[in-house]
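Have a look at the structure below, then the notes.
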Amino acid sequence: MKRRDLLLKGSSGLVIAFNIPLQAFGQAVPQPRIDPRFVNAGAWLEMAPNGAVTFYTGKVELGTGVDTALAQMVAEELDVELGRIAMVMGDTERCPDQIGTFGSITVSLAGPQVRQAAAEARLALLELAAAKLGPQGLKTENGAVIAPDGRRIGYGELVDGKRLQRPLSGNAKLKAAADFKVIGKSAPRMSLPAKVYGTHDYIHNVRLPGMLHGRMIRPPVHGTSPVLVDDSALKKLPGNPRVVRKGNFLAVVADREEQVIRAAQALKVEWGATVVWPPQQDLPQLLKTSAAADRVLDTAGEVDKALAQAAKTHSAQYFVPYQQHGSIGPSCALADVKADRATLWSPTQTSFNTRDSVAAILGMPPGQVRLIWLEGSGCYGQNGADDVTADAALLSQLIGRPVRVQWMRQDENRNEPKGPAMAMEVKAGIDAAGNIVAWDYQVWSVNHGGRPGFGQGGNLLAGEEQGMGKRFAQVGADINAKPSYVLPNKRAVLHELHASPLRTSSLRGLGSPANTLANESFIDELAQLAGVDPLEYRIRHLKDERAIAVLREVAKLSSWQAKTAPAKSGVGKGVAFIHYHNNAAYVAVAVQVRVDADSRTRVQKVWVAHDCGLIVNPDGVKQQIEGNVIQALSRTLIEEVRYNRRGIDSLDWASYPILRFSELPDEIVISLINRPTMRAVGAGECTTPPVFAAVANAIYDATGTRLRDVPFTPERLKARRAA
């Protein structure tokens, strides 16, 4: 009997079953598919006789601390100690489908569901206690129900020997912000002790009885077919290595990991004709001349007329290259596929979507495939986690034994989907007083939605290599293309390209870092043209008080001094602002840089003012902001996928470096603006985009030279200064 069947048919624990409406603080949020097992009977919350609470969520922990934040919400509404709560995450057999874990929507989407579940459970416990303690004056506290006369019954005692199924009405009253005891208080990360002591179960540590190890054999250029495979050298190697092939899907397996690595190196493969990629230096122009579907994202007034009548006009072009996720550990997954049942162990961000796509590859109904989530390397976007899961599954099916696949570093860098390259052009006009009277924005990018989904096997490499169909969500390139400023005449147009030379998908922030680089660099350039301090110039064109508040706060944090021209002293400050997605968090970032005589840029200090509405765990939010800043600085200053006309060159840490500890800022100062009565909108990625522009603006202040193409390398700065 399965665990869920046991619980629903007669366990001695409390089970809360519900199908909660997905509404977050009155605002509609994306709807997940309806899992038949959870319609009106989804067991999300379970309480053991000893009072310990287990909560089941489709969200997963990627290093963002959402396991702790969600547990705090359970603790708050259920009146139970945080340490008594365990979170089970991303298991498709035990957890509901809450979409995936991305887009800074976990707290805003799953949070209201979690709180409603816990609040409804608390009411159920009060009803049980009323039969023993009387119905009047009962309250809950620290995992117990307490009567007015002081008698108390622990939650575990109340549910012992009973089975409770209770539909979630959605009407259980949530605690008011004034009554919060756990939400809004800093709490230690739940998984941190195990990580510190080396006992945390990462996907890379999992071993299955009787499993084989697999390594993928893929071409230098994506989409190329193997025409000749010579495995003669494998016959002399230990570990019983052998080749596994289905269509263009090619791999080797062996008994041990070091044996399969050696076998993969010994295998000789002749690849067919390849697509010749365009020269990398031509990429910005290629984006602008490629076939695309045009979409107007924002329009108001008469832009062309206003430009013609403006006192001054200005235009600029910006570019962000392909970038990688830079996961420290390569992707890894395990699978045990039998004739009528498959079990996958995966670090995916999208458990249900990945399960469905892998099921299509295996030719099995999704209900016969279980995906068990385990934490892997940080990704913040789609790295190789989903693809390696499909690799392990198909190999296990073809071999008939459990298989563990861990990509090599070169596999990860070559085959993971890249963050798309993007080109932006902005043109604007100002009047005699320096006010913006016209704004014309264009962006060229492929789609950023390459994740598994729609039950399509071809969304993953293993399925694509068998000619299976693809279908992707159309998302990402438009994020923050629309200006946040109040402008009388404006236009924003997305040219969504039909194809990309490199395989692409989502990277932290999707199109927002590139769009914000362009928008927030350009607003600085207009401030210079108007002779106005750039921070004050932003405020001049804003009406949203929350937007103005973060700018005022970052000015205070950074001791901002008004300026109308670059200092050109080698040390400079820059500022940038974002209203993420134009409807989520408000963030203002100020940066101080030092540029030396050899044009090397060091970021010395970073100041962040951050408003994401309700804050569940202040320390957790600060940690996320720090992570955003560091990763964004790396992407801004260093990271760029290099390729030649026949393949990717950035295959190791030497050819794709990331920021080192010695290169971190001396100080990151953060001010959190908590708004406990407002909707929580997440903090997982919203600080990343403004860092790009803040650094560009700081370099301009330090040198008088404007950089518009990421990354801001010494070579690029030297070339611009010499021009």
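Residues are named by chain letter and number: chains run A, B, ... in the order of the structure tokens, numbers start at 1 in each chain, and ligands are numbered from 1 in the order shown.
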Which of stretch 412-521 of chain A fall in alpha helix (DSSP H), as a VMD selection string: chain A and resid 412 to 415 461 to 464 512 to 521
Generate a file of the selected residues that holds N, CA and C atoms, formatted as a CSV table (one decimal), in the first residue's frame.
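Once written, selection.csv looks like this:
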```csv
chain,number,residue,atom,x,y,z
A,412,GLU,N,28.2,20.1,-18.8
A,412,GLU,CA,27.4,21.2,-18.3
A,412,GLU,C,27.5,22.5,-19.1
A,413,ASN,N,28.8,22.9,-19.3
A,413,ASN,CA,29.0,24.2,-20.0
A,413,ASN,C,28.6,24.1,-21.4
A,414,ARG,N,28.7,23.0,-22.0
A,414,ARG,CA,28.4,22.9,-23.5
A,414,ARG,C,26.9,22.7,-23.7
A,415,ASN,N,26.2,21.9,-22.8
A,415,ASN,CA,24.9,21.5,-23.1
A,415,ASN,C,23.8,22.1,-22.3
A,461,LEU,N,16.9,17.2,-23.9
A,461,LEU,CA,17.8,16.8,-24.9
A,461,LEU,C,17.6,15.3,-25.3
A,462,ALA,N,17.3,14.5,-24.3
A,462,ALA,CA,17.1,13.0,-24.6
A,462,ALA,C,15.9,12.8,-25.6
A,463,GLY,N,14.9,13.6,-25.4
A,463,GLY,CA,13.7,13.5,-26.3
A,463,GLY,C,14.0,14.2,-27.7
A,464,GLU,N,14.7,15.3,-27.7
A,464,GLU,CA,15.0,16.0,-28.9
A,464,GLU,C,15.9,15.1,-29.8
A,512,SER,N,15.0,40.6,-17.7
A,512,SER,CA,15.0,41.8,-16.9
A,512,SER,C,16.4,42.4,-16.8
A,513,PRO,N,17.4,41.7,-16.5
A,513,PRO,CA,18.8,42.3,-16.4
A,513,PRO,C,19.1,43.1,-17.6
A,514,ALA,N,18.9,42.5,-18.8
A,514,ALA,CA,19.3,43.2,-20.0
A,514,ALA,C,18.4,44.5,-20.3
A,515,ASN,N,17.1,44.3,-20.1
A,515,ASN,CA,16.2,45.4,-20.2
A,515,ASN,C,16.4,46.5,-19.2
A,516,THR,N,16.8,46.1,-18.0
A,516,THR,CA,17.0,47.1,-17.0
A,516,THR,C,18.4,47.8,-17.2
A,517,LEU,N,19.4,47.0,-17.7
A,517,LEU,CA,20.6,47.7,-18.1
A,517,LEU,C,20.4,48.8,-19.1
A,518,ALA,N,19.5,48.5,-20.1
A,518,ALA,CA,19.3,49.6,-21.1
A,518,ALA,C,18.5,50.7,-20.5
A,519,ASN,N,17.4,50.4,-19.9
A,519,ASN,CA,16.5,51.5,-19.4
A,519,ASN,C,17.2,52.3,-18.3
A,520,GLU,N,17.9,51.7,-17.4
A,520,GLU,CA,18.5,52.4,-16.3
A,520,GLU,C,19.8,53.1,-16.6
A,521,SER,N,20.5,52.6,-17.6
A,521,SER,CA,21.7,53.3,-18.1
A,521,SER,C,21.2,54.5,-18.9
```
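Shell of stretch 188-194 of chain A at 7 Å, with only C-alpha atoms counted and residues fewer than 3 places along the chain excluded, is Gly65, Thr68, Tyr197, Gly198, Thr199 and His200 of chain A.
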Would you save the residues from that selection as a PDB file, in the first residue's frame, using N, CA and C atoms?
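And here is the file that came out, part17.pdb:
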```pdb
ATOM      1  N   GLY A  65      16.121  29.605   0.668  1.00  0.00           N
ATOM      2  CA  GLY A  65      15.550  29.629   2.010  1.00  0.00           C
ATOM      3  C   GLY A  65      14.040  29.548   2.051  1.00  0.00           C
ATOM      4  N   THR A  68      12.405  27.357   4.805  1.00  0.00           N
ATOM      5  CA  THR A  68      12.269  27.997   6.112  1.00  0.00           C
ATOM      6  C   THR A  68      11.124  28.997   6.120  1.00  0.00           C
ATOM      7  N   TYR A 197      27.750  20.678   8.448  1.00  0.00           N
ATOM      8  CA  TYR A 197      28.399  19.472   8.968  1.00  0.00           C
ATOM      9  C   TYR A 197      28.566  18.374   7.916  1.00  0.00           C
ATOM     10  N   GLY A 198      28.174  18.675   6.668  1.00  0.00           N
ATOM     11  CA  GLY A 198      28.403  17.723   5.597  1.00  0.00           C
ATOM     12  C   GLY A 198      27.484  16.529   5.596  1.00  0.00           C
ATOM     13  N   THR A 199      26.324  16.635   6.227  1.00  0.00           N
ATOM     14  CA  THR A 199      25.386  15.515   6.277  1.00  0.00           C
ATOM     15  C   THR A 199      24.139  15.752   5.425  1.00  0.00           C
ATOM     16  N   HIS A 200      24.087  16.876   4.732  1.00  0.00           N
ATOM     17  CA  HIS A 200      22.923  17.186   3.898  1.00  0.00           C
ATOM     18  C   HIS A 200      22.877  16.244   2.695  1.00  0.00           C
TER      19      HIS A 200
END
```
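Among A:Gln397, A:Thr350, A:Asn435, A:Gln368, the residue with the shortest atom-to-atom distance to A:Ala385, counting only C-alpha atoms, is A:Thr350.
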Write out as a ChimeraX atom specification the residues lying within 12 Å of A:Ala719, counting only C-alpha atoms and excluding same-chain residues fewer than 3 positions away. /A:598-599,705-707,709,712-716,722-723
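Minimum atom-to-atom distance to A:Arg262, evaluated using only C-alpha atoms, belongs to A:Gly214 out of A:Gly574, A:Pro501, A:Gly301, A:Gly214.
Minimum distance to A:Asn583 across A:Asn480, A:Thr348, A:Thr504, A:Gln604 (counting only C-alpha atoms) occurs at A:Asn480.
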Spatial neighbours of A:Pro226, 8 Å, only C-alpha atoms, chain gap at least 5 places, as an MDAnalysis selection string: chainID A and resid 219 248 269:272
Using N, CA and C atoms, can you export the residues from the last selection as an mmCIF file, in the first residue's frame?
```
data_model
loop_
_atom_site.group_PDB
_atom_site.id
_atom_site.type_symbol
_atom_site.label_atom_id
_atom_site.label_comp_id
_atom_site.auth_asym_id
_atom_site.auth_seq_id
_atom_site.Cartn_x
_atom_site.Cartn_y
_atom_site.Cartn_z
ATOM 1 N N PRO A 219 27.611 15.985 -29.177
ATOM 2 C CA PRO A 219 28.498 16.625 -30.151
ATOM 3 C C PRO A 219 28.952 18.008 -29.709
ATOM 4 N N ASN A 248 19.649 9.488 -31.938
ATOM 5 C CA ASN A 248 20.851 10.298 -31.713
ATOM 6 C C ASN A 248 21.244 10.368 -30.240
ATOM 7 N N VAL A 269 33.847 8.760 -31.817
ATOM 8 C CA VAL A 269 32.604 9.104 -32.512
ATOM 9 C C VAL A 269 32.911 10.058 -33.651
ATOM 10 N N GLU A 270 32.346 9.753 -34.801
ATOM 11 C CA GLU A 270 32.430 10.667 -35.937
ATOM 12 C C GLU A 270 31.066 11.333 -36.088
ATOM 13 N N TRP A 271 31.077 12.649 -36.074
ATOM 14 C CA TRP A 271 29.831 13.404 -36.114
ATOM 15 C C TRP A 271 29.535 13.869 -37.530
ATOM 16 N N GLY A 272 28.261 14.005 -37.822
ATOM 17 C CA GLY A 272 27.834 14.432 -39.152
ATOM 18 C C GLY A 272 28.016 15.919 -39.372
#
```
